[in-house]
Amino acid sequence: MTGITQCDLLVVGAGPAGLAAATLAARHGVDTMLLDEQPSPGGQIYRAITTTPLQNRDTLGKDYWHGEALVKAFRRSHARYEPGATVWAVSRMTAQDPEGGFEVAYSVAGEARMLQARNIILATGAQERPFPIPGWTLPGVMTVGAAQTMFKTTGIVPGKRTVLAGCGPLLYLVAWQYMKAGVKIEALLDTTGAGGLTQALPHVWGFLRSPYLAKGLKLVHEVRAKARIIRGITALEAVGTGRLDHVLYTADGKSAELPCDQLLLHQGVIPNINLSQALGVELRWSETMLCWEPAVDDWGNTSVAEVGIAGDGASITGALAAEHLGRLVALEACRQLGKLDQPTRDREGETHRKALARAVLGRDFFDRLYLPPEQFRIPVGDTIVCRCEEVTAAQVRETVKLGCPGPNQMKSFLRCGMGPCQGRFCNTTVTEIIAQERGLSPQEVGHYRLRFPTKPLTLGELASLPQTEDSKKAVIRLKKQP
Amino acid sequence: MSDSSSSGALAPPRPRHHRGVYDALVIGGGLVGSAVAFGLRQQLDNVAVLDEGDVAFRASRGNFGLVWVQSKGMGMPAYGHWTMSSQQLWPRLAALLHELTGLDVGLEQRGGLHPVLTEEEYEHRIQFMTELLAQPGMVQYEWKMLDRKELADLVPGIGPEVLGATWTAVDGVANPLKMLRALHTAFDRQRVDYLPLHPVGDIALRNGVFEMSTPHGKIQSRKVVLASGLSNQALGKQVGLEVPVRPQRGQIVVLERTQRILHTPFSTLRQTDEGSWLIGDSQEEAGYADGVVGLPVLATLADRAVRTMPALREVRVVRSWSALRVMSRDGFPIYEQSATHPGAFVATCHSGVTLAAAHALRIAPMVVDGALPVDMAPFSTRRFHVQEAA
Amino acid sequence: MFKRLPEAQQAMRQHPVAVTINGKAVQCREGDTVSAAMFAAGVVDCRDTVVGGVPRGPYCMMGICYDCLVTIDGQPNQQGCMTLVREGMNIERQGGARQVRT
């Protein structure tokens with residue numbers, strides 16, 4: 001293992017929030033390191049922006065190419081960058097350094113590395129919300145985000161019979177991108193709930209004033225003109241043996257079958273919180289977004305000192321908002337590191353706050369409009385809830401009836417949440433099932449307690465990290481306790 | 001008996017089978033409490049278990065799963081006997097649970113190994129085991145220091161740095177999570193009132209009946225067993241029991257499932273019936289920090305595991321656990337009955353899996369009888385007074 | 001199954017990488033992830049699960065679902081969606097719990 005790197009500020013994630021944060025901090029003279037899990041910057045939304053084979057700007061569109069400016073600014077700054085770096089542990093430094101700070105362990109190409117940082121900004125972005133329908137684990141089923149990532153990174157698109165299903169703007173965006181690229185879509189099965197519009201209408205004013213309106217309407221209009229859209233989907237099932245054969249759906253009280261080779265699912269995105277969770281950051285269940293969110297203040301500060309979160313990793317606000325949030329959280333880090341005083345921070349922050357306000361206009365409207373309906377979030381029966389350990393909804397419900405009060409006991413009983421994804425695709429589902437069974441709110445039911453490593457690494461790698469006299473004494477006990 | 005009005009978070013998940021005075025009640029739903037409660041139910045009709053919530057200091061969840069005899073009892077031969085008796089009763093407990101629930105708790109009693117990786121460890125181990133078994137009144141069993149060649153026959157791919165290991169035929173393992181699940185399923189089948197989210201505030205004794213105050217009202221029982229780990233100390237005070245326990249952190253590293261290749265467990269490395277690997281364990285006086293994973297300790301654990309079986313180098317660490325052992329002053333269990341509050345007992349130890357059979361099939365009947373027999377005296381807290389006076 | 005857009009095909013011709021997928025020689029592009037190359041080669045499932053022995057394919061393509069695990073150059077449980085293809089790489093479907101080579 002190589003020596004331990006030092007920096008003032010560690011930024012985790014190279015999406016818009018991370019890039020903007022690192023750029024700003026570096027400009028203020030903060031020694032900044034950005035660790036990026038991906039091989040090149042851009043996060044998910046601007047994935048592969050420096051390497052995509054799709055150089056014709058019309059294919060991916062203007063919104064995507066906006067990310068280029070962020071990457072350029074980052075590269076011009078003096079922030080250090082390490083790609084292919086997966087962070088898997090963060091801990092407070094021990095007694096050696098009274099100043100405090102963090103020790104961060106991460107892997108690059110299967111090798112363990114360590115870093116010391118005084119402040120951390122987590123910019124880990126969003127992930128697809130779990131979409132537990134019967135058959136969602138079949139080969140041939142993947143998320144819309146997955147398909148889009150592949151599209152951006154490689155220009156590879158589905159060839160034969162493709163069905164998109166779910167709700168939310170991304171469905172329509174990808175349908176539109178595919179259509180422009182000449183990809184045929186069999187159907188778009190829209191699960192947007194009937195109740196959504198009622199919830200959303202009070203917020204329509206914001207939407208009407210937002211930059212998303214014109215763009216969004218145009219996009220949806222074009223998709224509707226060319227693709228077969230079936231709305232009011234109340235039930236969905238992916239069917240096949242060993243791989244996807246067809247989709248069964250119910251719309252308007254009637255069921256039908258749609259043969260297909262590829263089913264792309266999407267019902268919104270939720271914050272990617274595992275690193276925050278393992279760090280012990282306080283999480284709150286959002287009743288408006290139906291997911292766990294790290295509790296942050298206006299400057300991104302969490303319940304853990306010197307740890308800030310910016311962008312979708314705190315709350316889903318989209319790519320544009322993420323940039324501005326990244327800058328605000330970075331300003332706060334600069335203040336904590338003594339580079340600016342509070343009045344300066346506030347003053348510099350004003351532009352970003354205004355930009356942020358403009359960027360989130362209208363989101364309240366479609367956040368509520370596109371809240372996924374209950375039957376697609378809280379499954380029953382043999383539907384798999386924990387993909388890794390293959391635990392079903394029925395098993396979870398049965399175990400609640402045995403007296404299991406929350407997700408951590410549930411983990412002990414059924415192993416759900418113990419697989420490599422560490423609950424990323426089952427935490428919200430398990431919490432909501434337990435809440436439903438017990439008649440409580442998800443906040444009351446709680447979430448998984450996570451510990452490091454937040455991503456698997458080999459035993460050999462773990463063994464290569466530095467040990468201490470204390471750690472040896474704790475393990476090799478020659479005067480063994482009985 | 002009053003019931004508090006149930007607001008959202010406090011609404012218990014299930015109704016009680018029995019609303020009157022219980023024959024016996026156990027405070028604590030971990031491995032110790034659940035095993036005792038299971039045993040009680042085999043002789044008594046109305047048994048309850050009061051447990052806390054989802055996020056509590058749950059020592060049982062961090063358990064390695066050893067059903068282990070070797071190394072136990074230095075300084076207290078009675079503990080050596082106690083451990084052996086539990087080891088012998090374990091097949092019966094596993095069979096009972098299987099009969100009742102259909103669940104297999106993964107008991108494997110094919111012997112166990114304690115590895116040594118340096119000359120110093122080698123010499124120390126031989127000396128330790130010799131002295132251990134030479135103690136007057138100590139239980140006897142066969143043990144042997146295996147050399148490298150003998151060890152290689154038992155363990156495929158034993159590391160070149162491993163000089164040997166002490167082996168006994170009496171050691172074994174079980175799956176602690178399956179144990180807990182089986183016990184709770186048995187509760188369900190046998191109508192034991194397992195009541196989570198019932199933390200106990202006060203315990204009062206009135207007219208021979210114990211009254212436990214919980215957020216859901218008072219619950220009454222003729223007998224009560226304190227098995228709530230670290231909370232035993234505070235609860236014990238209320239029934240005239242002094243329970244000096246402290247938290248001691250233990251960390252475990254868990255590897256992904258692989259094909260089953262290791263059938264003989266080491267005390268520090270074993271492969272579970274499901275194919276995953278457990279690497280342990282550390283002993284750290286870290287206060288109540290059970291949520292913190294210390295990286296250097298994990299590195300040391302990993303390092304020793306790689307030296308023990310180098311082929312595991314490429315296998316992935318999927319998670320680590322940090323849990324708090326319930327450690328008494330001398331590390332030995334505490335079993336005691338209250339002199340001032342007859343019918344109140346305490347049971348605490350840090351080897352909840354090894355001793356599960358003794359808890360279910362020996363402690364529980366003692367509680368039913370109303371008294372711990374004389375040969376359980378070494379486990380009472382009076383030994384601490386003797387130590388202090390000495 | 002899956003196909004490359006014309007622009008992507010051109011890029012592949014300019015920066016080709018030759019790999020083997022389940023014994024078959026496959027041409028792909030420098031910058032492809034292993035999972036993407038597999039999709040383009042018509043391979044939809046990459047492993048059988050450990051618990052139930054059922055087939056799975058990549059689901060999230062961003063490194064968090066762990067369904068895209070494949071054996072790469074003899075090393076099992078590699079995330080296909082997080083690994084870039086390399087000349088001469090050998091990619092194999094994997095089944096069940098991994099072996100430990102003692």
# chains A, B, ... in the order shown; residues from 1 in each chain; ligands from 1
call {"tool": "residues_around", "arguments": {"residues": "A:Thr234", "least_positions_apart": "5", "cutoff": "8 Å", "atoms": "only C-alpha atoms", "output": "list in words"}}
result
Thr191, Tyr249, Thr250, Ala251, Asp252 and Gln375 of chain A
call {"tool": "residues_around", "arguments": {"residues": "C:Val54", "least_positions_apart": "3", "cutoff": "8 Å", "atoms": "only C-alpha atoms", "output": "list in words"}}
result
Gly242 of chain A; Asp48 and Thr49 of chain C
call {"tool": "select_by_dssp", "arguments": {"residues": "stretch 81-286 of chain B", "states": "alpha helix (DSSP H)", "output": "JSON, numbers by chain"}}
result
{"B": [81, 82, 83, 84, 85, 86, 87, 88, 89, 90, 91, 92, 93, 94, 95, 96, 97, 98, 99, 100, 101, 119, 120, 121, 122, 123, 124, 125, 126, 127, 128, 129, 130, 131, 132, 133, 134, 148, 149, 150, 151, 152, 153, 154, 176, 177, 178, 179, 180, 181, 182, 183, 184, 185, 186, 187, 188, 189, 190, 232, 233, 234, 235, 236, 237, 238]}
call {"tool": "select_by_dssp", "arguments": {"residues": "stretch 203-251 of chain B", "states": "strand (DSSP E or B)", "output": "list in words"}}
result
Ile203, Ala204, Leu205, Arg206, Val209, Phe210, Glu211, Met212, Ser213, Thr214, Gly217, Lys218, Ile219, Gln220, Ser221, Val224, Val225, Leu226, Val245, Arg246, Pro247, Gln248, Arg249, Gly250 and Gln251 of chain B
call {"tool": "write_last_selection", "arguments": {"atoms": "C-alpha atoms", "output": "tab-separated table (two decimals), in the first residue's frame"}}
result
chain	number	residue	atom	x	y	z
B	203	ILE	CA	-39.61	-3.31	38.55
B	204	ALA	CA	-41.65	-3.56	41.75
B	205	LEU	CA	-42.44	-6.60	43.86
B	206	ARG	CA	-45.92	-6.65	45.39
B	209	VAL	CA	-45.81	-10.66	41.99
B	210	PHE	CA	-43.30	-8.66	40.00
B	211	GLU	CA	-44.64	-5.65	38.17
B	212	MET	CA	-42.66	-4.29	35.21
B	213	SER	CA	-43.45	-0.79	33.98
B	214	THR	CA	-43.30	-0.41	30.24
B	217	GLY	CA	-48.48	-0.38	30.77
B	218	LYS	CA	-47.53	-2.66	33.64
B	219	ILE	CA	-46.85	-6.31	33.05
B	220	GLN	CA	-46.92	-8.81	35.89
B	221	SER	CA	-45.13	-12.05	36.49
B	224	VAL	CA	-38.53	-12.58	36.32
B	225	VAL	CA	-35.18	-13.24	34.67
B	226	LEU	CA	-32.96	-10.31	33.79
B	245	VAL	CA	-20.95	-5.57	33.54
B	246	ARG	CA	-19.22	-3.36	31.06
B	247	PRO	CA	-19.26	-3.14	27.30
B	248	GLN	CA	-16.35	-4.56	25.38
B	249	ARG	CA	-16.31	-4.02	21.66
B	250	GLY	CA	-15.78	-6.90	19.32
B	251	GLN	CA	-15.39	-6.56	15.58
call {"tool": "interface_residues", "arguments": {"of": "chain C", "to": "chain B", "cutoff": "10 Å", "atoms": "only C-alpha atoms", "output": "list in words"}}
result
Val50, Val51, Gln75, Pro76, Asn77, Gly96, Ala97, Arg98, Gln99, Val100, Arg101 and Thr102 of chain C
call {"tool": "residues_around", "arguments": {"residues": "stretch 223-233 of chain A", "least_positions_apart": "2", "cutoff": "10 Å", "atoms": "only C-alpha atoms", "output": "VMD selection string"}}
result
chain A and resid 163 to 167 172 to 180 184 to 194 217 to 221 235 to 236 249 to 255
call {"tool": "atom_distance", "arguments": {"atom1": "atom CA of A:Thr344", "atom2": "atom CA of A:Phe74"}}
result
22.4 Å
call {"tool": "residues_around", "arguments": {"residues": "C:Ala11", "least_positions_apart": "5", "cutoff": "8 Å", "atoms": "only C-alpha atoms", "output": "list in words"}}
result
Pro53 of chain A; Pro16 and Arg29 of chain C
call {"tool": "write_last_selection", "arguments": {"atoms": "C-alpha atoms", "output": "short mmCIF file (atom, residue, chain, number, x, y, z; two decimals), in the first residue's frame"}}
result
data_model
loop_
_atom_site.label_atom_id
_atom_site.label_comp_id
_atom_site.auth_asym_id
_atom_site.auth_seq_id
_atom_site.Cartn_x
_atom_site.Cartn_y
_atom_site.Cartn_z
CA PRO A 53 -18.56 8.14 -28.99
CA PRO C 16 -11.15 -1.53 -31.59
CA ARG C 29 -14.61 -0.43 -28.56
#
call {"tool": "closest_atom_pairs", "arguments": {"of": "chain B", "to": "chain A", "cutoff": "6 Å", "atoms": "only C-alpha atoms", "output": "CSV"}}
result
residue,atom,partner,partner_atom,distance
B:Gly8,CA,A:Leu440,CA,5.9
B:Ala9,CA,A:Glu444,CA,5.7
B:Pro13,CA,A:Arg438,CA,5.9
B:Asp54,CA,A:Gly406,CA,5.1
B:Lys72,CA,A:Pro482,CA,4.5
B:Gly73,CA,A:Pro482,CA,5.8
B:Leu177,CA,A:Ser412,CA,5.8
B:Arg181,CA,A:Phe413,CA,5.6
B:Ser282,CA,A:Val475,CA,4.6
B:Gln283,CA,A:Ala474,CA,5.0
B:Glu284,CA,A:Ala474,CA,5.7
B:Pro296,CA,A:Gln467,CA,4.6
B:Val297,CA,A:Ser471,CA,4.6
B:Ala299,CA,A:Ala463,CA,4.7
B:Thr300,CA,A:Gln467,CA,5.9
B:Ala302,CA,A:Ala463,CA,4.7
B:Asp303,CA,A:Ala463,CA,4.4
B:Arg313,CA,A:Gly460,CA,4.3
B:Glu314,CA,A:Thr458,CA,5.3
B:Val315,CA,A:Thr458,CA,5.3
B:Arg316,CA,A:Thr458,CA,4.0
B:Val317,CA,A:Pro456,CA,5.3
B:Val318,CA,A:Pro456,CA,4.8
B:Arg319,CA,A:Pro453,CA,5.7
call {"tool": "write_last_selection", "arguments": {"atoms": "C-alpha atoms", "output": "compact mmCIF listing (two decimals), in the first residue's frame"}}
result
# COMPACT_ATOMS: atom_id res chain seq x y z
CA GLY B 8 -48.15 5.69 16.52
CA ALA B 9 -44.57 4.83 17.35
CA PRO B 13 -46.64 -4.99 16.58
CA ASP B 54 -34.97 -2.29 16.32
CA LYS B 72 -12.64 -21.71 28.63
CA GLY B 73 -12.32 -21.64 32.38
CA LEU B 177 -29.00 -15.60 13.38
CA ARG B 181 -34.99 -16.88 14.19
CA SER B 282 -11.27 -8.32 18.53
CA GLN B 283 -11.58 -7.28 22.13
CA GLU B 284 -11.52 -3.57 22.65
CA PRO B 296 -6.71 -0.74 12.01
CA VAL B 297 -8.53 -3.53 13.84
CA ALA B 299 -6.76 -4.63 8.97
CA THR B 300 -5.28 -6.82 11.70
CA ALA B 302 -7.87 -9.42 7.76
CA ASP B 303 -4.12 -9.87 7.96
CA ARG B 313 -6.98 -13.14 -0.27
CA GLU B 314 -9.18 -12.72 -3.37
CA VAL B 315 -12.47 -13.28 -1.60
CA ARG B 316 -14.45 -10.10 -0.94
CA VAL B 317 -15.24 -8.50 2.38
CA VAL B 318 -18.92 -7.70 2.23
CA ARG B 319 -19.39 -6.15 5.64
call {"tool": "interface_residues", "arguments": {"of": "chain A", "to": "chain C", "cutoff": "8 Å", "atoms": "only C-alpha atoms", "output": "number ranges by chain"}}
result
A: 38, 44, 51, 53-55, 128, 137-143, 145-147, 149-150, 153-160, 181, 242-243, 261, 388-390, 420-421, 424-425
call {"tool": "atom_distance", "arguments": {"atom1": "atom CA of B:Gln271", "atom2": "atom CA of B:Leu132"}}
result
27.6 Å
call {"tool": "residues_around", "arguments": {"residues": "B:Leu93", "least_positions_apart": "3", "cutoff": "9 Å", "atoms": "only C-alpha atoms", "output": "VMD selection string"}}
result
chain B and resid 89 to 90 96 to 98 356 to 357 360 to 361
call {"tool": "residues_around", "arguments": {"residues": "B:Thr348", "least_positions_apart": "5", "cutoff": "12 Å", "atoms": "only C-alpha atoms", "output": "PDB file with C-alpha atoms, in the first residue's frame"}}
result
ATOM      1  CA  ILE B  27     -36.320  -9.142  30.159  1.00  0.00           C
ATOM      2  CA  GLY B  28     -34.176  -9.196  27.024  1.00  0.00           C
ATOM      3  CA  GLY B  30     -31.281 -11.634  22.568  1.00  0.00           C
ATOM      4  CA  LEU B  31     -29.628 -15.038  22.578  1.00  0.00           C
ATOM      5  CA  VAL B  32     -29.460 -15.346  26.356  1.00  0.00           C
ATOM      6  CA  GLY B  33     -32.998 -14.159  27.045  1.00  0.00           C
ATOM      7  CA  ALA B  35     -32.851 -19.321  25.156  1.00  0.00           C
ATOM      8  CA  VAL B  36     -33.946 -18.980  28.775  1.00  0.00           C
ATOM      9  CA  ALA B  59     -24.749  -8.078  21.186  1.00  0.00           C
ATOM     10  CA  VAL B 225     -35.182 -13.241  34.672  1.00  0.00           C
ATOM     11  CA  LEU B 226     -32.961 -10.310  33.787  1.00  0.00           C
ATOM     12  CA  ALA B 227     -31.218 -11.139  30.536  1.00  0.00           C
ATOM     13  CA  SER B 228     -30.889  -7.731  28.998  1.00  0.00           C
ATOM     14  CA  GLY B 229     -27.148  -7.589  28.662  1.00  0.00           C
ATOM     15  CA  LEU B 230     -25.721  -4.197  29.523  1.00  0.00           C
ATOM     16  CA  SER B 231     -29.037  -2.994  30.924  1.00  0.00           C
ATOM     17  CA  ASN B 232     -28.912  -5.719  33.572  1.00  0.00           C
ATOM     18  CA  GLN B 233     -26.882  -3.447  35.750  1.00  0.00           C
ATOM     19  CA  GLY B 236     -30.615  -5.445  38.713  1.00  0.00           C
ATOM     20  CA  GLU B 242     -25.677  -6.247  41.686  1.00  0.00           C
ATOM     21  CA  VAL B 243     -24.524  -6.921  38.156  1.00  0.00           C
ATOM     22  CA  PRO B 244     -21.142  -5.416  37.331  1.00  0.00           C
ATOM     23  CA  VAL B 245     -20.954  -5.571  33.543  1.00  0.00           C
ATOM     24  CA  ARG B 246     -19.215  -3.361  31.062  1.00  0.00           C
ATOM     25  CA  ARG B 325     -19.937  -7.907  24.384  1.00  0.00           C
ATOM     26  CA  VAL B 326     -21.444  -7.976  27.813  1.00  0.00           C
ATOM     27  CA  MET B 327     -18.353  -8.448  29.921  1.00  0.00           C
ATOM     28  CA  SER B 328     -18.495  -9.108  33.641  1.00  0.00           C
ATOM     29  CA  ARG B 329     -15.637  -8.046  35.835  1.00  0.00           C
ATOM     30  CA  GLY B 331     -15.256 -12.320  32.081  1.00  0.00           C
ATOM     31  CA  PHE B 332     -17.225 -15.255  33.497  1.00  0.00           C
ATOM     32  CA  PRO B 333     -21.027 -15.507  33.439  1.00  0.00           C
ATOM     33  CA  ILE B 334     -23.185 -14.188  36.219  1.00  0.00           C
ATOM     34  CA  TYR B 335     -26.101 -16.341  37.340  1.00  0.00           C
ATOM     35  CA  GLU B 336     -27.703 -15.285  40.511  1.00  0.00           C
ATOM     36  CA  LEU B 355     -24.195 -21.448  26.477  1.00  0.00           C
ATOM     37  CA  ALA B 356     -27.598 -21.368  24.763  1.00  0.00           C
ATOM     38  CA  HIS B 359     -29.510 -21.563  29.385  1.00  0.00           C
ATOM     39  CA  ILE B 363     -30.895 -22.433  33.877  1.00  0.00           C
ATOM     40  CA  PHE B 379     -21.297 -17.821  39.161  1.00  0.00           C
ATOM     41  CA  SER B 380     -22.887 -15.550  41.702  1.00  0.00           C
ATOM     42  CA  THR B 381     -21.622 -12.014  42.141  1.00  0.00           C
TER      43      THR B 381
END
call {"tool": "atom_distance", "arguments": {"atom1": "atom CA of B:Val368", "atom2": "atom CA of B:Val200"}}
result
22.0 Å
call {"tool": "decode", "arguments": {"residues": "stretch 192-249 of chain B", "atoms": "C-alpha atoms", "output": "PDB file, in the first residue's frame"}}
result
ATOM      1  CA  VAL B 192     -44.818 -17.204  24.197  1.00  0.00           C
ATOM      2  CA  ASP B 193     -45.580 -13.514  24.347  1.00  0.00           C
ATOM      3  CA  TYR B 194     -42.551 -12.003  22.654  1.00  0.00           C
ATOM      4  CA  LEU B 195     -43.059  -8.273  23.112  1.00  0.00           C
ATOM      5  CA  PRO B 196     -40.656  -5.944  21.355  1.00  0.00           C
ATOM      6  CA  LEU B 197     -40.644  -2.198  22.041  1.00  0.00           C
ATOM      7  CA  HIS B 198     -41.297  -2.906  25.706  1.00  0.00           C
ATOM      8  CA  PRO B 199     -38.287  -1.410  27.462  1.00  0.00           C
ATOM      9  CA  VAL B 200     -38.622  -1.838  31.206  1.00  0.00           C
ATOM     10  CA  GLY B 201     -38.503   1.206  33.456  1.00  0.00           C
ATOM     11  CA  ASP B 202     -39.261   0.101  36.994  1.00  0.00           C
ATOM     12  CA  ILE B 203     -39.614  -3.310  38.551  1.00  0.00           C
ATOM     13  CA  ALA B 204     -41.649  -3.558  41.747  1.00  0.00           C
ATOM     14  CA  LEU B 205     -42.441  -6.603  43.865  1.00  0.00           C
ATOM     15  CA  ARG B 206     -45.916  -6.654  45.395  1.00  0.00           C
ATOM     16  CA  ASN B 207     -47.442  -9.665  47.143  1.00  0.00           C
ATOM     17  CA  GLY B 208     -45.158 -12.101  45.454  1.00  0.00           C
ATOM     18  CA  VAL B 209     -45.814 -10.664  41.991  1.00  0.00           C
ATOM     19  CA  PHE B 210     -43.295  -8.660  40.004  1.00  0.00           C
ATOM     20  CA  GLU B 211     -44.638  -5.647  38.172  1.00  0.00           C
ATOM     21  CA  MET B 212     -42.665  -4.295  35.208  1.00  0.00           C
ATOM     22  CA  SER B 213     -43.446  -0.792  33.985  1.00  0.00           C
ATOM     23  CA  THR B 214     -43.298  -0.414  30.241  1.00  0.00           C
ATOM     24  CA  PRO B 215     -44.561   2.257  27.826  1.00  0.00           C
ATOM     25  CA  HIS B 216     -47.518  -0.061  27.165  1.00  0.00           C
ATOM     26  CA  GLY B 217     -48.477  -0.381  30.772  1.00  0.00           C
ATOM     27  CA  LYS B 218     -47.534  -2.657  33.638  1.00  0.00           C
ATOM     28  CA  ILE B 219     -46.851  -6.312  33.054  1.00  0.00           C
ATOM     29  CA  GLN B 220     -46.924  -8.809  35.892  1.00  0.00           C
ATOM     30  CA  SER B 221     -45.132 -12.054  36.492  1.00  0.00           C
ATOM     31  CA  ARG B 222     -44.417 -14.437  39.327  1.00  0.00           C
ATOM     32  CA  LYS B 223     -40.827 -14.832  38.284  1.00  0.00           C
ATOM     33  CA  VAL B 224     -38.534 -12.577  36.324  1.00  0.00           C
ATOM     34  CA  VAL B 225     -35.182 -13.241  34.672  1.00  0.00           C
ATOM     35  CA  LEU B 226     -32.961 -10.310  33.787  1.00  0.00           C
ATOM     36  CA  ALA B 227     -31.218 -11.139  30.536  1.00  0.00           C
ATOM     37  CA  SER B 228     -30.889  -7.731  28.998  1.00  0.00           C
ATOM     38  CA  GLY B 229     -27.148  -7.589  28.662  1.00  0.00           C
ATOM     39  CA  LEU B 230     -25.721  -4.197  29.523  1.00  0.00           C
ATOM     40  CA  SER B 231     -29.037  -2.994  30.924  1.00  0.00           C
ATOM     41  CA  ASN B 232     -28.912  -5.719  33.572  1.00  0.00           C
ATOM     42  CA  GLN B 233     -26.882  -3.447  35.750  1.00  0.00           C
ATOM     43  CA  ALA B 234     -29.543  -0.758  36.100  1.00  0.00           C
ATOM     44  CA  LEU B 235     -32.435  -3.216  36.264  1.00  0.00           C
ATOM     45  CA  GLY B 236     -30.615  -5.445  38.713  1.00  0.00           C
ATOM     46  CA  LYS B 237     -30.461  -2.651  41.267  1.00  0.00           C
ATOM     47  CA  GLN B 238     -34.238  -2.653  41.450  1.00  0.00           C
ATOM     48  CA  VAL B 239     -34.438  -6.273  42.504  1.00  0.00           C
ATOM     49  CA  GLY B 240     -31.490  -6.416  44.841  1.00  0.00           C
ATOM     50  CA  LEU B 241     -29.045  -7.778  42.296  1.00  0.00           C
ATOM     51  CA  GLU B 242     -25.677  -6.247  41.686  1.00  0.00           C
ATOM     52  CA  VAL B 243     -24.524  -6.921  38.156  1.00  0.00           C
ATOM     53  CA  PRO B 244     -21.142  -5.416  37.331  1.00  0.00           C
ATOM     54  CA  VAL B 245     -20.954  -5.571  33.543  1.00  0.00           C
ATOM     55  CA  ARG B 246     -19.215  -3.361  31.062  1.00  0.00           C
ATOM     56  CA  PRO B 247     -19.263  -3.135  27.303  1.00  0.00           C
ATOM     57  CA  GLN B 248     -16.353  -4.563  25.376  1.00  0.00           C
ATOM     58  CA  ARG B 249     -16.309  -4.021  21.657  1.00  0.00           C
TER      59      ARG B 249
END
